[in-house]
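Have a look at the structure below, then the notes.
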Amino acid sequence: MIHLQKPQLLQMLETSLRNSLPESLKAYGTIFHMYHGNPFNLKAVVDKWPDFSTVVACPQEQEMTDNFDHYTNTYLIYSKDLNKCQEFLATSDIINWKQHLQIQSTQGSLDEVIQNLAASKSVKVKRTECVLYMMPDTAKKLVPSLLETMNLPPQPVKSNAINQEMFKPSTMDVAHAPLVNKFWHFGGNERSQRFIERCIRTFPSLCLLGPDGSPVSWFLMDHTGELRMGATVPEYRNHGLISYLSFKQREALNKLGFPLYCHTDKSNKIVQKLGGTQGFVPMPCDWNQWNCVPLGSEL
């Protein structure tokens, strides 16, 4: 097990993961932000170097002090060899299976590895599979060959203007975290709110304030650089607000050079329709999350 810390090594790892896109997307996005400042204080571990087969990105040990905080206790994994991956994860202590944790990957083939490891560690696993998208400019830059094989509609026009008298563009504040937490599909609890607060403090965000000065629509990034936690409060839906924000957020983050991607539930046809009108590029691989809970430690 080798811990990559030096910037030049993280840059080499980023380049290597880029060559494995889109299946390496979750790991690639994480390593990208680690190399560009590491704002979430993560670490990257490989089984060997430079010819690695498996990479794991996760928080430093001192960050994972709450055994029940699976939002913080998150591991991003990509592997070129599933057999070697299972051996590496089984024989190293990189994953603390005694904690409630998440494993995220855009590599669905990891499911058998994770299920096998969980069974050997007496851990219960719940897998979530979602549709994975890359934003148009990111796809053009990172996976141009993939775009050539896809029959995509013409690029979307700019979003319609919003009522500037009613809605004011702004950035999110930590005080807005309870509102985001209320509408986040994976949230709704104290630990998720702390995670949201950290995302707001750490990464660029965008929202629209309503007539009373509170956010009515927003987009946030998580620690892997993914655009997540986007929502509009019910009373202001069907006003085109999330489309407007999506366009503006992507415009701002593209200028920073960020790789932009997102996911949505396979049953969420509304967001999938939005993705089509906004030119989101569907990936041939899925977004995957495995929630792991040690047997006997359920909350």
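Residue numbers start at 1 in each chain; chains themselves are named A, B, ... in the order of the structure tokens; ligands are numbered from 1 in the order shown.
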Identify, with DSSP run on backbone atoms, the residues in segment 47-218 of chain A assigned to helix (DSSP H, G or I), and express the list as JSON, numbers by chain. {"A": [61, 62, 63, 82, 83, 84, 85, 86, 87, 88, 89, 90, 91, 108, 109, 110, 111, 112, 113, 114, 115, 116, 117, 118, 119, 120, 136, 137, 138, 139, 140, 141, 142, 144, 145, 146, 147, 148, 174, 175, 176, 177, 178, 179, 180, 181, 182, 183, 190, 191, 192, 193, 194, 195, 196, 197, 198, 199, 200, 201, 202]}
Between segment 59-169 of chain A and segment 289-298 of chain A, at 12 Å or less, what are the per-residue closest atom pairs and their distances in Å? Count only C-alpha atoms, order by chain and rising residue number, and return it as a Markdown table.
| residue | atom | partner | partner_atom | distance |
| --- | --- | --- | --- | --- |
| A:Asn67 | CA | A:Ser297 | CA | 9.7 |
| A:Phe68 | CA | A:Val293 | CA | 8.8 |
| A:Asp69 | CA | A:Val293 | CA | 10.7 |
| A:His70 | CA | A:Asn291 | CA | 7.7 |
| A:Tyr71 | CA | A:Asn291 | CA | 9.8 |
| A:Asn73 | CA | A:Cys292 | CA | 10.2 |
| A:Thr74 | CA | A:Asn291 | CA | 9.2 |
| A:Tyr75 | CA | A:Gln289 | CA | 9.8 |
| A:Leu76 | CA | A:Gln289 | CA | 9.4 |
| A:Ile77 | CA | A:Gln289 | CA | 10.6 |
| A:Ile95 | CA | A:Cys292 | CA | 11.0 |
| A:Asn96 | CA | A:Pro294 | CA | 10.2 |
| A:Trp97 | CA | A:Pro294 | CA | 6.9 |
| A:Lys98 | CA | A:Pro294 | CA | 6.0 |
| A:Gln99 | CA | A:Pro294 | CA | 6.8 |
| A:His100 | CA | A:Val293 | CA | 4.8 |
| A:Leu101 | CA | A:Cys292 | CA | 5.3 |
| A:Gln102 | CA | A:Asn291 | CA | 4.6 |
| A:Ile103 | CA | A:Trp290 | CA | 5.1 |
| A:Gln104 | CA | A:Gln289 | CA | 4.5 |
| A:Ser105 | CA | A:Gln289 | CA | 6.6 |
| A:Thr106 | CA | A:Gln289 | CA | 8.7 |
| A:Gln107 | CA | A:Gln289 | CA | 10.0 |
| A:Gly108 | CA | A:Gln289 | CA | 9.3 |
| A:Leu110 | CA | A:Trp290 | CA | 10.0 |
| A:Asp111 | CA | A:Trp290 | CA | 8.3 |
| A:Glu112 | CA | A:Trp290 | CA | 11.4 |
| A:Val113 | CA | A:Trp290 | CA | 11.4 |
| A:Ile114 | CA | A:Trp290 | CA | 8.1 |
| A:Gln115 | CA | A:Trp290 | CA | 9.2 |
| A:Leu117 | CA | A:Cys292 | CA | 10.6 |
| A:Ala118 | CA | A:Cys292 | CA | 7.6 |
| A:Ala119 | CA | A:Pro294 | CA | 10.0 |
| A:Ser120 | CA | A:Pro294 | CA | 11.0 |
| A:Lys121 | CA | A:Pro294 | CA | 7.8 |
| A:Ser122 | CA | A:Leu295 | CA | 5.9 |
| A:Val123 | CA | A:Pro294 | CA | 4.2 |
| A:Lys124 | CA | A:Val293 | CA | 5.1 |
| A:Val125 | CA | A:Cys292 | CA | 4.6 |
| A:Lys126 | CA | A:Asn291 | CA | 5.1 |
| A:Arg127 | CA | A:Trp290 | CA | 4.4 |
| A:Thr128 | CA | A:Gln289 | CA | 5.1 |
| A:Glu129 | CA | A:Gln289 | CA | 6.7 |
| A:Cys130 | CA | A:Gln289 | CA | 8.7 |
| A:Val131 | CA | A:Gln289 | CA | 11.8 |
| A:Leu132 | CA | A:Gln289 | CA | 12.0 |
Residues flagged strand (DSSP E) by DSSP in segment 9-116 of chain A, as a list in words: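 Filtering segment 9-116 of chain A to strand (DSSP E) leaves Leu42, Lys43, Ala44, Val45, Val46, Thr54, Val55, Val56, Ala57, Cys58, Pro59, Thr74, Tyr75, Leu76, Ile77, Tyr78, Ser79, Leu101, Gln102, Ile103, Gln104 and Ser105 of chain A.
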Output for the residues just chosen: N, CA and C atoms as a PDB file, in the first residue's frame:
ATOM      1  N   LEU A  42      -8.155  14.980   1.683  1.00  0.00           N
ATOM      2  CA  LEU A  42      -8.246  13.562   1.361  1.00  0.00           C
ATOM      3  C   LEU A  42      -6.862  12.972   1.146  1.00  0.00           C
ATOM      4  N   LYS A  43      -6.810  11.660   1.064  1.00  0.00           N
ATOM      5  CA  LYS A  43      -5.560  10.981   0.735  1.00  0.00           C
ATOM      6  C   LYS A  43      -5.818   9.987  -0.393  1.00  0.00           C
ATOM      7  N   ALA A  44      -4.772   9.680  -1.148  1.00  0.00           N
ATOM      8  CA  ALA A  44      -4.856   8.719  -2.244  1.00  0.00           C
ATOM      9  C   ALA A  44      -3.899   7.571  -1.971  1.00  0.00           C
ATOM     10  N   VAL A  45      -4.400   6.357  -2.094  1.00  0.00           N
ATOM     11  CA  VAL A  45      -3.600   5.153  -1.832  1.00  0.00           C
ATOM     12  C   VAL A  45      -3.702   4.238  -3.049  1.00  0.00           C
ATOM     13  N   VAL A  46      -2.569   3.671  -3.445  1.00  0.00           N
ATOM     14  CA  VAL A  46      -2.541   2.695  -4.542  1.00  0.00           C
ATOM     15  C   VAL A  46      -1.902   1.411  -4.044  1.00  0.00           C
ATOM     16  N   THR A  54      -5.119  -0.646  -8.548  1.00  0.00           N
ATOM     17  CA  THR A  54      -6.249  -0.141  -7.772  1.00  0.00           C
ATOM     18  C   THR A  54      -5.858   1.153  -7.068  1.00  0.00           C
ATOM     19  N   VAL A  55      -6.769   2.130  -7.116  1.00  0.00           N
ATOM     20  CA  VAL A  55      -6.582   3.389  -6.386  1.00  0.00           C
ATOM     21  C   VAL A  55      -7.791   3.612  -5.491  1.00  0.00           C
ATOM     22  N   VAL A  56      -7.516   4.065  -4.282  1.00  0.00           N
ATOM     23  CA  VAL A  56      -8.568   4.396  -3.313  1.00  0.00           C
ATOM     24  C   VAL A  56      -8.304   5.810  -2.804  1.00  0.00           C
ATOM     25  N   ALA A  57      -9.303   6.679  -2.887  1.00  0.00           N
ATOM     26  CA  ALA A  57      -9.217   8.012  -2.296  1.00  0.00           C
ATOM     27  C   ALA A  57     -10.221   8.086  -1.152  1.00  0.00           C
ATOM     28  N   CYS A  58      -9.793   8.665  -0.037  1.00  0.00           N
ATOM     29  CA  CYS A  58     -10.655   8.724   1.145  1.00  0.00           C
ATOM     30  C   CYS A  58     -10.122   9.796   2.085  1.00  0.00           C
ATOM     31  N   PRO A  59     -10.885  10.153   3.129  1.00  0.00           N
ATOM     32  CA  PRO A  59     -10.398  11.137   4.093  1.00  0.00           C
ATOM     33  C   PRO A  59      -9.199  10.613   4.885  1.00  0.00           C
ATOM     34  N   THR A  74     -16.199   7.953   3.427  1.00  0.00           N
ATOM     35  CA  THR A  74     -16.481   7.601   2.039  1.00  0.00           C
ATOM     36  C   THR A  74     -15.191   7.261   1.299  1.00  0.00           C
ATOM     37  N   TYR A  75     -15.236   6.181   0.530  1.00  0.00           N
ATOM     38  CA  TYR A  75     -14.080   5.708  -0.234  1.00  0.00           C
ATOM     39  C   TYR A  75     -14.429   5.730  -1.723  1.00  0.00           C
ATOM     40  N   LEU A  76     -13.566   6.348  -2.513  1.00  0.00           N
ATOM     41  CA  LEU A  76     -13.728   6.405  -3.967  1.00  0.00           C
ATOM     42  C   LEU A  76     -12.736   5.427  -4.586  1.00  0.00           C
ATOM     43  N   ILE A  77     -13.230   4.488  -5.367  1.00  0.00           N
ATOM     44  CA  ILE A  77     -12.389   3.388  -5.832  1.00  0.00           C
ATOM     45  C   ILE A  77     -12.454   3.245  -7.347  1.00  0.00           C
ATOM     46  N   TYR A  78     -11.292   2.967  -7.922  1.00  0.00           N
ATOM     47  CA  TYR A  78     -11.208   2.538  -9.309  1.00  0.00           C
ATOM     48  C   TYR A  78     -10.152   1.449  -9.402  1.00  0.00           C
ATOM     49  N   SER A  79     -10.439   0.421 -10.193  1.00  0.00           N
ATOM     50  CA  SER A  79      -9.473  -0.667 -10.344  1.00  0.00           C
ATOM     51  C   SER A  79      -9.421  -1.165 -11.784  1.00  0.00           C
ATOM     52  N   LEU A 101     -20.023   3.194   6.446  1.00  0.00           N
ATOM     53  CA  LEU A 101     -19.234   3.824   5.392  1.00  0.00           C
ATOM     54  C   LEU A 101     -19.946   3.743   4.053  1.00  0.00           C
ATOM     55  N   GLN A 102     -19.439   4.533   3.115  1.00  0.00           N
ATOM     56  CA  GLN A 102     -19.881   4.485   1.727  1.00  0.00           C
ATOM     57  C   GLN A 102     -18.690   4.158   0.841  1.00  0.00           C
ATOM     58  N   ILE A 103     -18.948   3.407  -0.203  1.00  0.00           N
ATOM     59  CA  ILE A 103     -17.990   3.242  -1.295  1.00  0.00           C
ATOM     60  C   ILE A 103     -18.671   3.772  -2.539  1.00  0.00           C
ATOM     61  N   GLN A 104     -18.001   4.661  -3.259  1.00  0.00           N
ATOM     62  CA  GLN A 104     -18.555   5.220  -4.492  1.00  0.00           C
ATOM     63  C   GLN A 104     -17.612   4.902  -5.651  1.00  0.00           C
ATOM     64  N   SER A 105     -18.225   4.625  -6.792  1.00  0.00           N
ATOM     65  CA  SER A 105     -17.436   4.339  -7.986  1.00  0.00           C
ATOM     66  C   SER A 105     -18.328   4.459  -9.212  1.00  0.00           C
TER      67      SER A 105
END
Excluding segment 168-174 of chain A and residues on its chain fewer than 4 positions from it, collect all residues at most 10 Å away from it, counting only C-alpha atoms, and give them as a PyMOL selection string. chain A and resi 162-164+178+180+193-194+196-201+203-211+213-220+245+248
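With distances restricted to only C-alpha atoms, A:Asn41 is the closest residue to Met64 of chain A from A:Thr149, A:Gln249, A:Asn41, A:Asn268.
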Identify which of the residues A:Ile270, A:Met229, A:Ala175, A:Cys262 lies closest to Pro136 of chain A, counting only C-alpha atoms when measuring atom-to-atom distances.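 So, comparing all the options, the nearest one is A:Cys262.
The smallest atom-to-atom distance between Leu9 of chain A and any of A:Lys255, A:Leu21, A:Phe32, A:Ala27, using only C-alpha atoms, is found for A:Phe32.
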Residue with smallest distance to Ala139 of chain A - pool A:His185, A:Arg18, A:Lys266, A:Lys273, counting only C-alpha atoms: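 The answer is A:Arg18, which sits nearest to Ala139 of chain A.
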